[in-house]
Every structure is written in C-alpha cells, then in structure tokens.
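Have a look at the structure below before the remarks.
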Amino acid sequence: MPYLENHTLYYKKTCPYCQKVLRFMDEQRITMNTRDTLQPGNQNDLVRIGGKKQVPCLVIDGKALYESDDIIAYLRKANV
C-alpha cells in the first residue's frame, strides 16, 4: 500500500482504540503521517482541526473522522 497523502492519524500510545487502528495499519502495510497527541503541539492541532481531543482521529484532507471501527472501515475501502 502506498503512502496515504493528505491523511494524518492522531493517536495516544496508551489508548487501546488507537492501538487497534495502528495494528490494523501495520497488518495492512498502510502508511501515513501519524502524530502522538502527547507530543508538544499535536493535541492543540487536533482540537483546532476537529474541535475536540478525542483519539484516534483520522484527518482526511482537513476533515476529522473519529471512532476506531469507522477509521478501520475507511482504511479498508482505501486499501482496495
């Protein structure tokens, strides 16, 4: 799977739902920009984009998609 441009996954290492998405990406060899919200500035960027701190959050062309199952379903379609 090629690198997904215009996609950024915001996650937190300790979040089990984030780990679920990251595991799926690893299994399917899906790569994209990822940002840990525990790193300085990333959580502020997430709130600015989506209006809340919820993770995981997949930002697609500037639009936020929440919920691990919804993100995985989207990535399955993108990976076809």
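Ordered as shown in the structure tokens, chains take letters A, B, and onward, while each chain numbers its residues from 1 and ligands are numbered from 1 in the order shown.
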
Sel. of helix (DSSP H, G or I) residues, chain A, as a ChimeraX atom specification: /A:16-28,42-50,68-78

Could the residues in this selection be saved with N, CA and C atoms as an mmCIF file, in the first residue's frame?
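Full text of result-v8.cif as output:
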```
data_model
loop_
_atom_site.group_PDB
_atom_site.id
_atom_site.type_symbol
_atom_site.label_atom_id
_atom_site.label_comp_id
_atom_site.auth_asym_id
_atom_site.auth_seq_id
_atom_site.Cartn_x
_atom_site.Cartn_y
_atom_site.Cartn_z
ATOM 1 N N PRO A 16 -6.183 2.090 23.923
ATOM 2 C CA PRO A 16 -6.368 0.793 23.267
ATOM 3 C C PRO A 16 -7.048 0.905 21.899
ATOM 4 N N TYR A 17 -7.912 1.884 21.700
ATOM 5 C CA TYR A 17 -8.571 2.056 20.406
ATOM 6 C C TYR A 17 -7.581 2.554 19.357
ATOM 7 N N CYS A 18 -6.657 3.387 19.794
ATOM 8 C CA CYS A 18 -5.593 3.847 18.902
ATOM 9 C C CYS A 18 -4.698 2.673 18.512
ATOM 10 N N GLN A 19 -4.372 1.837 19.486
ATOM 11 C CA GLN A 19 -3.534 0.670 19.211
ATOM 12 C C GLN A 19 -4.219 -0.273 18.221
ATOM 13 N N LYS A 20 -5.528 -0.385 18.311
ATOM 14 C CA LYS A 20 -6.302 -1.213 17.377
ATOM 15 C C LYS A 20 -6.117 -0.699 15.946
ATOM 16 N N VAL A 21 -6.227 0.619 15.754
ATOM 17 C CA VAL A 21 -6.061 1.219 14.422
ATOM 18 C C VAL A 21 -4.619 1.060 13.944
ATOM 19 N N LEU A 22 -3.665 1.321 14.823
ATOM 20 C CA LEU A 22 -2.259 1.197 14.445
ATOM 21 C C LEU A 22 -1.894 -0.241 14.081
ATOM 22 N N ARG A 23 -2.447 -1.216 14.804
ATOM 23 C CA ARG A 23 -2.211 -2.632 14.472
ATOM 24 C C ARG A 23 -2.764 -2.955 13.096
ATOM 25 N N PHE A 24 -3.986 -2.483 12.811
ATOM 26 C CA PHE A 24 -4.590 -2.715 11.502
ATOM 27 C C PHE A 24 -3.721 -2.115 10.401
ATOM 28 N N MET A 25 -3.266 -0.888 10.611
ATOM 29 C CA MET A 25 -2.408 -0.233 9.617
ATOM 30 C C MET A 25 -1.137 -1.033 9.381
ATOM 31 N N ASP A 26 -0.548 -1.534 10.453
ATOM 32 C CA ASP A 26 0.677 -2.324 10.346
ATOM 33 C C ASP A 26 0.423 -3.622 9.585
ATOM 34 N N GLU A 27 -0.667 -4.311 9.919
ATOM 35 C CA GLU A 27 -1.004 -5.577 9.253
ATOM 36 C C GLU A 27 -1.259 -5.380 7.760
ATOM 37 N N GLN A 28 -1.876 -4.261 7.412
ATOM 38 C CA GLN A 28 -2.221 -3.993 6.013
ATOM 39 C C GLN A 28 -1.144 -3.188 5.288
ATOM 40 N N ASN A 42 0.746 18.752 19.268
ATOM 41 C CA ASN A 42 -0.130 17.881 18.475
ATOM 42 C C ASN A 42 -1.572 17.893 18.966
ATOM 43 N N GLN A 43 -1.775 17.901 20.276
ATOM 44 C CA GLN A 43 -3.145 17.921 20.795
ATOM 45 C C GLN A 43 -3.822 19.246 20.431
ATOM 46 N N ASN A 44 -3.096 20.332 20.482
ATOM 47 C CA ASN A 44 -3.653 21.629 20.084
ATOM 48 C C ASN A 44 -4.059 21.622 18.618
ATOM 49 N N ASP A 45 -3.226 21.014 17.760
ATOM 50 C CA ASP A 45 -3.566 20.897 16.332
ATOM 51 C C ASP A 45 -4.843 20.084 16.154
ATOM 52 N N LEU A 46 -4.950 18.979 16.898
ATOM 53 C CA LEU A 46 -6.134 18.119 16.809
ATOM 54 C C LEU A 46 -7.392 18.882 17.198
ATOM 55 N N VAL A 47 -7.342 19.619 18.287
ATOM 56 C CA VAL A 47 -8.502 20.394 18.738
ATOM 57 C C VAL A 47 -8.850 21.470 17.711
ATOM 58 N N ARG A 48 -7.844 22.099 17.139
ATOM 59 C CA ARG A 48 -8.085 23.134 16.119
ATOM 60 C C ARG A 48 -8.788 22.531 14.890
ATOM 61 N N ILE A 49 -8.389 21.332 14.502
ATOM 62 C CA ILE A 49 -8.964 20.693 13.306
ATOM 63 C C ILE A 49 -10.351 20.131 13.582
ATOM 64 N N GLY A 50 -10.482 19.348 14.653
ATOM 65 C CA GLY A 50 -11.724 18.621 14.894
ATOM 66 C C GLY A 50 -12.601 19.160 16.003
ATOM 67 N N SER A 68 -12.534 4.178 16.226
ATOM 68 C CA SER A 68 -11.596 3.215 15.644
ATOM 69 C C SER A 68 -12.240 2.340 14.569
ATOM 70 N N ASP A 69 -13.458 1.862 14.811
ATOM 71 C CA ASP A 69 -14.113 0.998 13.816
ATOM 72 C C ASP A 69 -14.409 1.762 12.524
ATOM 73 N N ASP A 70 -14.797 3.022 12.637
ATOM 74 C CA ASP A 70 -15.064 3.836 11.447
ATOM 75 C C ASP A 70 -13.774 4.113 10.676
ATOM 76 N N ILE A 71 -12.692 4.359 11.409
ATOM 77 C CA ILE A 71 -11.397 4.604 10.759
ATOM 78 C C ILE A 71 -10.936 3.348 10.029
ATOM 79 N N ILE A 72 -11.056 2.199 10.679
ATOM 80 C CA ILE A 72 -10.644 0.950 10.041
ATOM 81 C C ILE A 72 -11.502 0.657 8.820
ATOM 82 N N ALA A 73 -12.803 0.885 8.903
ATOM 83 C CA ALA A 73 -13.685 0.669 7.739
ATOM 84 C C ALA A 73 -13.262 1.582 6.589
ATOM 85 N N TYR A 74 -12.943 2.828 6.886
ATOM 86 C CA TYR A 74 -12.494 3.762 5.845
ATOM 87 C C TYR A 74 -11.190 3.269 5.219
ATOM 88 N N LEU A 75 -10.245 2.844 6.056
ATOM 89 C CA LEU A 75 -8.951 2.366 5.547
ATOM 90 C C LEU A 75 -9.094 1.094 4.724
ATOM 91 N N ARG A 76 -10.037 0.239 5.092
ATOM 92 C CA ARG A 76 -10.290 -0.970 4.284
ATOM 93 C C ARG A 76 -10.692 -0.587 2.868
ATOM 94 N N LYS A 77 -11.583 0.405 2.749
ATOM 95 C CA LYS A 77 -12.037 0.857 1.428
ATOM 96 C C LYS A 77 -10.897 1.518 0.671
ATOM 97 N N ALA A 78 -10.093 2.293 1.365
ATOM 98 C CA ALA A 78 -8.968 2.993 0.729
ATOM 99 C C ALA A 78 -7.885 2.017 0.289
#
```

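Checking A:Tyr3, A:Leu58, A:Lys13, A:Thr8 one by one against Thr34 (chain A), counting only C-alpha atoms, you find the shortest gap at A:Thr8.
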
For Gly51 (chain A), the nearest of the candidates A:Ile30, A:Tyr66, A:Gln39, A:Lys12, counting only C-alpha atoms: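 The answer is A:Tyr66, which sits nearest to Gly51 (chain A).
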
Point-to-point distance in Å for CA of Val55 (chain A) and CA of Tyr11 (chain A): 5.4 Å

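If only C-alpha atoms are the atoms counted, then among A:Arg29, A:Pro40, A:Cys15, A:Lys52 the closest residue to Leu65 (chain A) is A:Lys52.
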
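Taking CA of Lys63 (chain A) and CA of Leu38 (chain A) as the two end points, the separation is 20.9 Å.
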
Point-to-point distance from CA of Thr14 (chain A) to CA of Glu67 (chain A), Å rounded to tenths: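 Rounded to one decimal, the two atoms are 15.6 Å apart.
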
Contact residues around Leu4 (chain A) with only C-alpha atoms at 8 Å, ignoring same-chain residues under 6 positions, as a short mmCIF file (atom, residue, chain, number, x, y, z; two decimals) with C-alpha atoms, in the first residue's frame:
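Result went into part_5.cif, see below:
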```
data_model
loop_
_atom_site.label_atom_id
_atom_site.label_comp_id
_atom_site.auth_asym_id
_atom_site.auth_seq_id
_atom_site.Cartn_x
_atom_site.Cartn_y
_atom_site.Cartn_z
CA ILE A 30 -0.81 1.23 5.39
CA THR A 31 1.44 4.22 5.94
CA MET A 32 0.57 7.86 6.54
CA ASN A 33 1.58 10.75 8.74
#
```

Strand (DSSP E) residues, from DSSP on the backbone, in chain A, as a ChimeraX atom specification: /A:3-11,31-36,57-60,63-66
